[in-house]
$ cat query18.pdb   # PDB, C-alpha atoms
ATOM      1  CA  MET T   1     116.623 106.166  99.931
ATOM      2  CA  ASN T   2     113.776 108.677  99.846
ATOM      3  CA  ILE T   3     110.304 108.556  98.394
ATOM      4  CA  GLU T   4     108.890 111.961  97.512
ATOM      5  CA  VAL T   5     105.116 112.352  97.785
ATOM      6  CA  LYS T   6     102.924 115.309  96.886
ATOM      7  CA  THR T   7      99.694 115.033  98.832
ATOM      8  CA  SER T   8      96.446 116.536  97.557
ATOM      9  CA  GLN T   9      94.125 116.630 100.576
ATOM     10  CA  GLU T  10      94.235 117.773 104.186
ATOM     11  CA  THR T  11      93.945 114.188 105.401
ATOM     12  CA  GLU T  12      94.575 111.160 103.201
ATOM     13  CA  LEU T  13      96.229 107.761 102.946
ATOM     14  CA  ILE T  14      98.798 107.284 100.193
ATOM     15  CA  ASP T  15      99.763 103.715  99.331
ATOM     16  CA  ILE T  16     103.566 103.608  98.987
ATOM     17  CA  THR T  17     103.907  99.807  98.977
ATOM     18  CA  GLN T  18     105.131  99.419  95.397
ATOM     19  CA  ARG T  19     107.729 102.156  95.779
ATOM     20  CA  VAL T  20     109.063 100.550  98.973
ATOM     21  CA  LYS T  21     109.169  97.125  97.269
ATOM     22  CA  GLU T  22     111.222  98.626  94.426
ATOM     23  CA  ILE T  23     113.741 100.059  96.899
ATOM     24  CA  VAL T  24     114.045  96.693  98.653
ATOM     25  CA  ARG T  25     114.485  94.917  95.314
ATOM     26  CA  ASP T  26     117.135  97.409  94.149
ATOM     27  CA  ALA T  27     119.018  97.072  97.445
ATOM     28  CA  GLY T  28     119.431  93.353  96.808
ATOM     29  CA  ALA T  29     118.960  92.291 100.413
ATOM     30  CA  LYS T  30     117.979  88.625 100.655
ATOM     31  CA  ASP T  31     117.047  88.747 104.340
ATOM     32  CA  GLY T  32     116.922  91.678 106.719
ATOM     33  CA  LEU T  33     114.781  94.586 107.808
ATOM     34  CA  CYS T  34     113.195  97.521 106.023
ATOM     35  CA  VAL T  35     112.509 100.663 108.039
ATOM     36  CA  ILE T  36     110.009 103.137 106.593
ATOM     37  CA  TYR T  37     110.108 106.515 108.371
ATOM     38  CA  THR T  38     108.505 109.920 107.906
ATOM     39  CA  PRO T  39     110.397 112.952 109.294
ATOM     40  CA  HIS T  40     107.269 115.119 109.464
ATOM     41  CA  THR T  41     105.386 115.775 112.708
ATOM     42  CA  THR T  42     102.007 115.821 110.947
ATOM     43  CA  THR T  43     102.251 112.523 109.061
ATOM     44  CA  GLY T  44     102.316 108.882 110.051
ATOM     45  CA  ILE T  45     103.281 105.521 108.565
ATOM     46  CA  ILE T  46     100.912 102.576 108.930
ATOM     47  CA  VAL T  47     100.416  99.070 107.571
ATOM     48  CA  ASN T  48      96.856  98.010 106.808
ATOM     49  CA  GLU T  49      94.517  96.773 104.101
ATOM     50  CA  ASN T  50      94.097  98.937 101.001
ATOM     51  CA  GLU T  51      90.326  98.787 100.699
ATOM     52  CA  ALA T  52      88.432 102.000  99.937
ATOM     53  CA  ARG T  53      85.831 101.739 102.715
ATOM     54  CA  LEU T  54      88.450 100.791 105.286
ATOM     55  CA  ARG T  55      90.600 103.766 104.257
ATOM     56  CA  GLU T  56      87.571 106.014 104.867
ATOM     57  CA  ASP T  57      86.965 104.293 108.214
ATOM     58  CA  ILE T  58      90.565 104.952 109.267
ATOM     59  CA  LEU T  59      90.255 108.657 108.449
ATOM     60  CA  SER T  60      86.873 108.839 110.186
ATOM     61  CA  ALA T  61      88.248 107.135 113.305
ATOM     62  CA  LEU T  62      91.143 109.620 113.460
ATOM     63  CA  ASP T  63      88.684 112.502 113.138
ATOM     64  CA  LYS T  64      86.536 111.123 115.968
ATOM     65  CA  ALA T  65      89.517 110.320 118.213
ATOM     66  CA  VAL T  66      91.148 113.730 117.754
ATOM     67  CA  PRO T  67      88.650 116.246 116.352
ATOM     68  CA  LYS T  68      89.803 119.389 114.610
ATOM     69  CA  GLY T  69      89.328 122.650 116.527
ATOM     70  CA  ALA T  70      88.700 121.133 119.953
ATOM     71  CA  GLY T  71      90.431 123.956 121.823
ATOM     72  CA  TYR T  72      94.015 122.667 121.723
ATOM     73  CA  GLN T  73      96.719 125.068 122.953
ATOM     74  CA  HIS T  74      98.855 124.624 119.824
ATOM     75  CA  ASP T  75      95.986 125.941 117.678
ATOM     76  CA  GLN T  76      96.848 129.422 118.974
ATOM     77  CA  ILE T  77     100.020 129.140 116.839
ATOM     78  CA  ASP T  78      98.947 127.537 113.554
ATOM     79  CA  HIS T  79      95.597 125.701 113.905
ATOM     80  CA  ASN T  80      96.954 122.183 113.271
ATOM     81  CA  ALA T  81      97.199 120.672 116.739
ATOM     82  CA  HIS T  82      94.825 117.895 115.678
ATOM     83  CA  SER T  83      97.311 116.892 112.970
ATOM     84  CA  HIS T  84     100.182 116.592 115.444
ATOM     85  CA  LEU T  85      98.058 114.662 117.943
ATOM     86  CA  ARG T  86      96.812 112.240 115.279
ATOM     87  CA  ALA T  87     100.403 111.651 114.170
ATOM     88  CA  ILE T  88     101.303 110.645 117.736
ATOM     89  CA  LEU T  89      98.632 107.935 117.610
ATOM     90  CA  LEU T  90      99.961 106.545 114.313
ATOM     91  CA  GLY T  91     103.703 106.834 114.823
ATOM     92  CA  PRO T  92     106.395 107.931 112.369
ATOM     93  CA  SER T  93     107.720 104.533 111.267
ATOM     94  CA  VAL T  94     107.231 100.837 110.698
ATOM     95  CA  THR T  95     109.773  98.039 110.397
ATOM     96  CA  ILE T  96     109.033  95.131 108.065
ATOM     97  CA  PRO T  97     111.118  91.941 107.764
ATOM     98  CA  ILE T  98     112.686  91.073 104.426
ATOM     99  CA  GLU T  99     112.567  87.375 103.585
ATOM    100  CA  ASN T 100     114.026  85.935 100.377
ATOM    101  CA  GLY T 101     114.345  89.420  98.884
ATOM    102  CA  ASN T 102     110.717  90.401  99.536
ATOM    103  CA  LEU T 103     108.886  92.397 102.171
ATOM    104  CA  ALA T 104     107.201  89.939 104.531
ATOM    105  CA  LEU T 105     103.808  91.631 104.252
ATOM    106  CA  GLY T 106     100.627  89.691 104.838
ATOM    107  CA  THR T 107      98.272  88.969 101.957
ATOM    108  CA  TRP T 108      96.188  92.113 102.452
ATOM    109  CA  GLN T 109      98.821  94.418 103.928
ATOM    110  CA  SER T 110      99.909  97.669 102.298
ATOM    111  CA  ILE T 111     102.178 100.461 103.514
ATOM    112  CA  PHE T 112     100.656 103.929 103.786
ATOM    113  CA  LEU T 113     101.923 107.429 104.331
ATOM    114  CA  VAL T 114      99.133 109.154 106.249
ATOM    115  CA  GLU T 115      98.893 112.857 105.493
ATOM    116  CA  LEU T 116      97.343 114.773 108.379
ATOM    117  CA  ASP T 117      98.014 118.430 107.453
ATOM    118  CA  GLY T 118      98.046 118.658 103.679
ATOM    119  CA  PRO T 119      98.274 119.228 100.920
ATOM    120  CA  ARG T 120     102.065 119.329 101.076
ATOM    121  CA  LYS T 121     105.260 117.870  99.680
ATOM    122  CA  ARG T 122     106.408 115.004 101.880
ATOM    123  CA  SER T 123     109.321 112.636 101.948
ATOM    124  CA  VAL T 124     109.548 109.122 103.328
ATOM    125  CA  HIS T 125     112.917 107.589 104.224
ATOM    126  CA  VAL T 126     113.355 103.909 103.433
ATOM    127  CA  SER T 127     116.341 102.065 104.936
ATOM    128  CA  VAL T 128     117.148  98.505 103.965
ATOM    129  CA  HIS T 129     119.304  96.553 106.410
ATOM    130  CA  ALA T 130     120.567  93.198 105.174
ATOM    131  CA  LEU T 131     121.358  90.433 107.624
ATOM    132  CA  GLN T 132     124.876  89.184 107.318
ATOM    133  CA  ARG T 133     125.425  85.478 107.789
ATOM    134  CA  ILE T 134     128.529  84.522 109.784
TER     135      ILE T 134
END

$ encode --input "query18.pdb" --output "structure tokens"
Amino acid sequence: MNIEVKTSQETELIDITQRVKEIVRDAGAKDGLCVIYTPHTTTGIIVNENEARLREDILSALDKAVPKGAGYQHDQIDHNAHSHLRAILLGPSVTIPIENGNLALGTWQSIFLVELDGPRKRSVHVSVHALQRI
């Protein structure tokens, strides 16, 4: 199943938790795994707390860790090397257990698509894998 997202900023966090929960619910898996994956090389998927100041801190930390325009070789092609390098730090996917039909997220955990080279249209693949009891 895919989630389509239209981002509005160059760098932003988009909470996709509810949409993923709906996919898990509709799949009807009681126990299993949910894989959330982005096929884009300038996005990432993370799990963290959805608190406004923390979201800003995450974006600020990415900017400090991999600053834009720091003389990267790829910038000679399309000026977005920082976006690719930030995506490497975040990773393209997360796997979350499903327990009793629900994502086994912690109390404060949310699932985010992290846009690193927007605004763009993005898609997120969500795969639900039910455990089969034998």

$ resolve_selection --input "query18.pdb" --expression "the PyMOL selection byres ((chain T and resi 10) around 12)" --output "list in words"
Lys6, Thr7, Ser8, Gln9, Thr11, Glu12, Leu13, Thr42, Thr43, Leu59, Asp63, Lys68, Asn80, His82, Ser83, Val114, Glu115, Leu116, Asp117, Gly118, Pro119, Arg120 and Lys121 of chain T

$ resolve_selection --input "query18.pdb" --expression "the PyMOL selection byres ((chain T and resi 111) around 12)" --output "JSON, numbers by chain"
{"T": [13, 14, 15, 16, 17, 18, 19, 20, 21, 34, 35, 36, 37, 44, 45, 46, 47, 48, 49, 50, 93, 94, 95, 96, 103, 104, 105, 106, 108, 109, 110, 112, 113, 114, 124, 126]}

$ resolve_selection --input "query18.pdb" --expression "the PyMOL selection byres ((chain T and resi 123) around 8)" --output "list in words"
Asn2, Ile3, Glu4, Val5, Thr38, Pro39, Lys121, Arg122, Val124 and His125 of chain T

$ atom_distance --input "query18.pdb" --atom1 "CA of Asp31 in chain T" --atom2 "CA of Glu99 in chain T"
4.7 Å

$ residues_around --input "query18.pdb" --residues "Tyr72 in chain T" --least-positions-apart "3" --cutoff "12 Å" --atoms "only C-alpha atoms" --output "JSON, numbers by chain"
{"T": [66, 67, 68, 69, 75, 76, 77, 78, 79, 80, 81, 82, 83, 84, 85]}

$ atom_distance --input "query18.pdb" --atom1 "CA of Leu89 in chain T" --atom2 "CA of Ile58 in chain T"
12.0 Å

$ atom_distance --input "query18.pdb" --atom1 "CA of Glu22 in chain T" --atom2 "CA of Thr107 in chain T"
17.8 Å

$ closest_residue --input "query18.pdb" --among "T:Pro97, T:Pro92, T:Glu56, T:Ala65" --to "Val128 in chain T" --atoms "only C-alpha atoms"
T:Pro97

$ residues_around --input "query18.pdb" --residues "Ala27 in chain T" --least-positions-apart "3" --cutoff "10 Å" --atoms "all atoms listed in the file" --output "VMD selection string"
chain T and resid 1 21 to 24 30 101 127 to 130

$ decode --input "query18.pdb" --residues "range 78-125 of chain T" --atoms "N, CA and C atoms" --output "PDB file, in the first residue's frame"
ATOM      1  N   ASP T  78      23.498  18.925  -9.283  1.00  0.00           N
ATOM      2  CA  ASP T  78      22.185  19.525  -9.020  1.00  0.00           C
ATOM      3  C   ASP T  78      22.029  20.175  -7.641  1.00  0.00           C
ATOM      4  N   HIS T  79      23.097  20.485  -6.967  1.00  0.00           N
ATOM      5  CA  HIS T  79      23.087  21.287  -5.734  1.00  0.00           C
ATOM      6  C   HIS T  79      22.261  20.700  -4.592  1.00  0.00           C
ATOM      7  N   ASN T  80      22.141  19.380  -4.516  1.00  0.00           N
ATOM      8  CA  ASN T  80      21.382  18.777  -3.407  1.00  0.00           C
ATOM      9  C   ASN T  80      22.140  17.656  -2.705  1.00  0.00           C
ATOM     10  N   ALA T  81      23.455  17.714  -2.751  1.00  0.00           N
ATOM     11  CA  ALA T  81      24.248  16.670  -2.098  1.00  0.00           C
ATOM     12  C   ALA T  81      23.914  16.574  -0.619  1.00  0.00           C
ATOM     13  N   HIS T  82      23.699  17.706   0.031  1.00  0.00           N
ATOM     14  CA  HIS T  82      23.356  17.694   1.456  1.00  0.00           C
ATOM     15  C   HIS T  82      22.101  16.867   1.719  1.00  0.00           C
ATOM     16  N   SER T  83      21.150  16.916   0.806  1.00  0.00           N
ATOM     17  CA  SER T  83      19.907  16.149   0.967  1.00  0.00           C
ATOM     18  C   SER T  83      20.175  14.646   0.915  1.00  0.00           C
ATOM     19  N   HIS T  84      20.992  14.226  -0.020  1.00  0.00           N
ATOM     20  CA  HIS T  84      21.347  12.805  -0.130  1.00  0.00           C
ATOM     21  C   HIS T  84      22.126  12.338   1.106  1.00  0.00           C
ATOM     22  N   LEU T  85      23.073  13.153   1.550  1.00  0.00           N
ATOM     23  CA  LEU T  85      23.892  12.774   2.698  1.00  0.00           C
ATOM     24  C   LEU T  85      23.070  12.718   3.988  1.00  0.00           C
ATOM     25  N   ARG T  86      22.145  13.642   4.148  1.00  0.00           N
ATOM     26  CA  ARG T  86      21.252  13.602   5.318  1.00  0.00           C
ATOM     27  C   ARG T  86      20.376  12.355   5.290  1.00  0.00           C
ATOM     28  N   ALA T  87      19.911  11.986   4.107  1.00  0.00           N
ATOM     29  CA  ALA T  87      19.072  10.789   3.974  1.00  0.00           C
ATOM     30  C   ALA T  87      19.836   9.533   4.393  1.00  0.00           C
ATOM     31  N   ILE T  88      21.129   9.490   4.106  1.00  0.00           N
ATOM     32  CA  ILE T  88      21.948   8.347   4.521  1.00  0.00           C
ATOM     33  C   ILE T  88      21.952   8.221   6.040  1.00  0.00           C
ATOM     34  N   LEU T  89      22.027   9.347   6.736  1.00  0.00           N
ATOM     35  CA  LEU T  89      22.029   9.318   8.201  1.00  0.00           C
ATOM     36  C   LEU T  89      20.705   8.806   8.771  1.00  0.00           C
ATOM     37  N   LEU T  90      19.607   9.115   8.108  1.00  0.00           N
ATOM     38  CA  LEU T  90      18.278   8.743   8.608  1.00  0.00           C
ATOM     39  C   LEU T  90      17.866   7.331   8.211  1.00  0.00           C
ATOM     40  N   GLY T  91      18.163   6.952   6.995  1.00  0.00           N
ATOM     41  CA  GLY T  91      17.752   5.647   6.491  1.00  0.00           C
ATOM     42  C   GLY T  91      16.390   5.718   5.812  1.00  0.00           C
ATOM     43  N   PRO T  92      16.145   4.773   4.893  1.00  0.00           N
ATOM     44  CA  PRO T  92      14.916   4.814   4.095  1.00  0.00           C
ATOM     45  C   PRO T  92      13.734   4.055   4.685  1.00  0.00           C
ATOM     46  N   SER T  93      13.915   3.373   5.831  1.00  0.00           N
ATOM     47  CA  SER T  93      12.807   2.550   6.318  1.00  0.00           C
ATOM     48  C   SER T  93      12.882   2.321   7.818  1.00  0.00           C
ATOM     49  N   VAL T  94      11.737   1.936   8.360  1.00  0.00           N
ATOM     50  CA  VAL T  94      11.650   1.441   9.733  1.00  0.00           C
ATOM     51  C   VAL T  94      10.722   0.231   9.718  1.00  0.00           C
ATOM     52  N   THR T  95      10.935  -0.659  10.667  1.00  0.00           N
ATOM     53  CA  THR T  95      10.069  -1.818  10.854  1.00  0.00           C
ATOM     54  C   THR T  95       9.505  -1.752  12.266  1.00  0.00           C
ATOM     55  N   ILE T  96       8.176  -1.857  12.360  1.00  0.00           N
ATOM     56  CA  ILE T  96       7.496  -1.743  13.650  1.00  0.00           C
ATOM     57  C   ILE T  96       6.677  -3.007  13.874  1.00  0.00           C
ATOM     58  N   PRO T  97       6.787  -3.633  15.046  1.00  0.00           N
ATOM     59  CA  PRO T  97       5.964  -4.810  15.340  1.00  0.00           C
ATOM     60  C   PRO T  97       4.474  -4.448  15.373  1.00  0.00           C
ATOM     61  N   ILE T  98       3.667  -5.427  15.027  1.00  0.00           N
ATOM     62  CA  ILE T  98       2.214  -5.325  15.174  1.00  0.00           C
ATOM     63  C   ILE T  98       1.825  -6.306  16.264  1.00  0.00           C
ATOM     64  N   GLU T  99       1.139  -5.801  17.280  1.00  0.00           N
ATOM     65  CA  GLU T  99       0.698  -6.641  18.394  1.00  0.00           C
ATOM     66  C   GLU T  99      -0.790  -6.407  18.619  1.00  0.00           C
ATOM     67  N   ASN T 100      -1.570  -7.471  18.590  1.00  0.00           N
ATOM     68  CA  ASN T 100      -3.017  -7.376  18.781  1.00  0.00           C
ATOM     69  C   ASN T 100      -3.665  -6.371  17.829  1.00  0.00           C
ATOM     70  N   GLY T 101      -3.205  -6.356  16.593  1.00  0.00           N
ATOM     71  CA  GLY T 101      -3.787  -5.506  15.558  1.00  0.00           C
ATOM     72  C   GLY T 101      -3.332  -4.061  15.563  1.00  0.00           C
ATOM     73  N   ASN T 102      -2.403  -3.709  16.452  1.00  0.00           N
ATOM     74  CA  ASN T 102      -1.944  -2.322  16.565  1.00  0.00           C
ATOM     75  C   ASN T 102      -0.434  -2.222  16.414  1.00  0.00           C
ATOM     76  N   LEU T 103       0.023  -1.084  15.898  1.00  0.00           N
ATOM     77  CA  LEU T 103       1.455  -0.827  15.864  1.00  0.00           C
ATOM     78  C   LEU T 103       1.967  -0.748  17.293  1.00  0.00           C
ATOM     79  N   ALA T 104       3.073  -1.391  17.574  1.00  0.00           N
ATOM     80  CA  ALA T 104       3.637  -1.412  18.921  1.00  0.00           C
ATOM     81  C   ALA T 104       4.542  -0.194  19.130  1.00  0.00           C
ATOM     82  N   LEU T 105       3.952   0.987  18.942  1.00  0.00           N
ATOM     83  CA  LEU T 105       4.688   2.234  19.163  1.00  0.00           C
ATOM     84  C   LEU T 105       4.660   2.587  20.636  1.00  0.00           C
ATOM     85  N   GLY T 106       5.717   3.234  21.100  1.00  0.00           N
ATOM     86  CA  GLY T 106       5.741   3.728  22.462  1.00  0.00           C
ATOM     87  C   GLY T 106       4.780   4.894  22.623  1.00  0.00           C
ATOM     88  N   THR T 107       4.535   5.279  23.844  1.00  0.00           N
ATOM     89  CA  THR T 107       3.563   6.321  24.165  1.00  0.00           C
ATOM     90  C   THR T 107       3.761   7.589  23.357  1.00  0.00           C
ATOM     91  N   TRP T 108       4.992   8.022  23.181  1.00  0.00           N
ATOM     92  CA  TRP T 108       5.267   9.299  22.522  1.00  0.00           C
ATOM     93  C   TRP T 108       5.772   9.140  21.091  1.00  0.00           C
ATOM     94  N   GLN T 109       5.787   7.922  20.578  1.00  0.00           N
ATOM     95  CA  GLN T 109       6.377   7.700  19.260  1.00  0.00           C
ATOM     96  C   GLN T 109       5.398   7.981  18.121  1.00  0.00           C
ATOM     97  N   SER T 110       5.924   8.634  17.098  1.00  0.00           N
ATOM     98  CA  SER T 110       5.211   8.883  15.847  1.00  0.00           C
ATOM     99  C   SER T 110       6.132   8.500  14.698  1.00  0.00           C
ATOM    100  N   ILE T 111       5.530   8.258  13.540  1.00  0.00           N
ATOM    101  CA  ILE T 111       6.282   7.897  12.339  1.00  0.00           C
ATOM    102  C   ILE T 111       6.323   9.119  11.427  1.00  0.00           C
ATOM    103  N   PHE T 112       7.522   9.470  10.970  1.00  0.00           N
ATOM    104  CA  PHE T 112       7.684  10.644  10.124  1.00  0.00           C
ATOM    105  C   PHE T 112       8.335  10.302   8.792  1.00  0.00           C
ATOM    106  N   LEU T 113       7.816  10.910   7.734  1.00  0.00           N
ATOM    107  CA  LEU T 113       8.556  11.035   6.486  1.00  0.00           C
ATOM    108  C   LEU T 113       9.361  12.324   6.638  1.00  0.00           C
ATOM    109  N   VAL T 114      10.659  12.255   6.388  1.00  0.00           N
ATOM    110  CA  VAL T 114      11.500  13.438   6.475  1.00  0.00           C
ATOM    111  C   VAL T 114      11.851  13.873   5.059  1.00  0.00           C
ATOM    112  N   GLU T 115      11.328  15.007   4.676  1.00  0.00           N
ATOM    113  CA  GLU T 115      11.625  15.606   3.374  1.00  0.00           C
ATOM    114  C   GLU T 115      12.936  16.365   3.498  1.00  0.00           C
ATOM    115  N   LEU T 116      13.852  16.122   2.562  1.00  0.00           N
ATOM    116  CA  LEU T 116      15.162  16.747   2.609  1.00  0.00           C
ATOM    117  C   LEU T 116      15.501  17.544   1.347  1.00  0.00           C
ATOM    118  N   ASP T 117      14.594  17.527   0.353  1.00  0.00           N
ATOM    119  CA  ASP T 117      14.859  18.212  -0.919  1.00  0.00           C
ATOM    120  C   ASP T 117      13.548  18.639  -1.567  1.00  0.00           C
ATOM    121  N   GLY T 118      12.692  19.254  -0.791  1.00  0.00           N
ATOM    122  CA  GLY T 118      11.363  19.608  -1.272  1.00  0.00           C
ATOM    123  C   GLY T 118      11.295  21.038  -1.765  1.00  0.00           C
ATOM    124  N   PRO T 119      10.066  21.442  -2.037  1.00  0.00           N
ATOM    125  CA  PRO T 119       8.832  20.649  -1.981  1.00  0.00           C
ATOM    126  C   PRO T 119       8.698  19.733  -3.194  1.00  0.00           C
ATOM    127  N   ARG T 120       8.099  18.569  -2.932  1.00  0.00           N
ATOM    128  CA  ARG T 120       7.923  17.550  -3.974  1.00  0.00           C
ATOM    129  C   ARG T 120       6.725  16.665  -3.651  1.00  0.00           C
ATOM    130  N   LYS T 121       6.359  15.843  -4.621  1.00  0.00           N
ATOM    131  CA  LYS T 121       5.407  14.758  -4.378  1.00  0.00           C
ATOM    132  C   LYS T 121       6.218  13.540  -3.983  1.00  0.00           C
ATOM    133  N   ARG T 122       5.829  12.902  -2.900  1.00  0.00           N
ATOM    134  CA  ARG T 122       6.550  11.730  -2.402  1.00  0.00           C
ATOM    135  C   ARG T 122       5.574  10.590  -2.175  1.00  0.00           C
ATOM    136  N   SER T 123       6.112   9.391  -2.183  1.00  0.00           N
ATOM    137  CA  SER T 123       5.297   8.238  -1.825  1.00  0.00           C
ATOM    138  C   SER T 123       6.048   7.424  -0.773  1.00  0.00           C
ATOM    139  N   VAL T 124       5.267   6.805   0.085  1.00  0.00           N
ATOM    140  CA  VAL T 124       5.800   5.949   1.143  1.00  0.00           C
ATOM    141  C   VAL T 124       5.120   4.598   0.987  1.00  0.00           C
ATOM    142  N   HIS T 125       5.910   3.533   0.908  1.00  0.00           N
ATOM    143  CA  HIS T 125       5.366   2.181   0.800  1.00  0.00           C
ATOM    144  C   HIS T 125       5.194   1.603   2.201  1.00  0.00           C
TER     145      HIS T 125
END
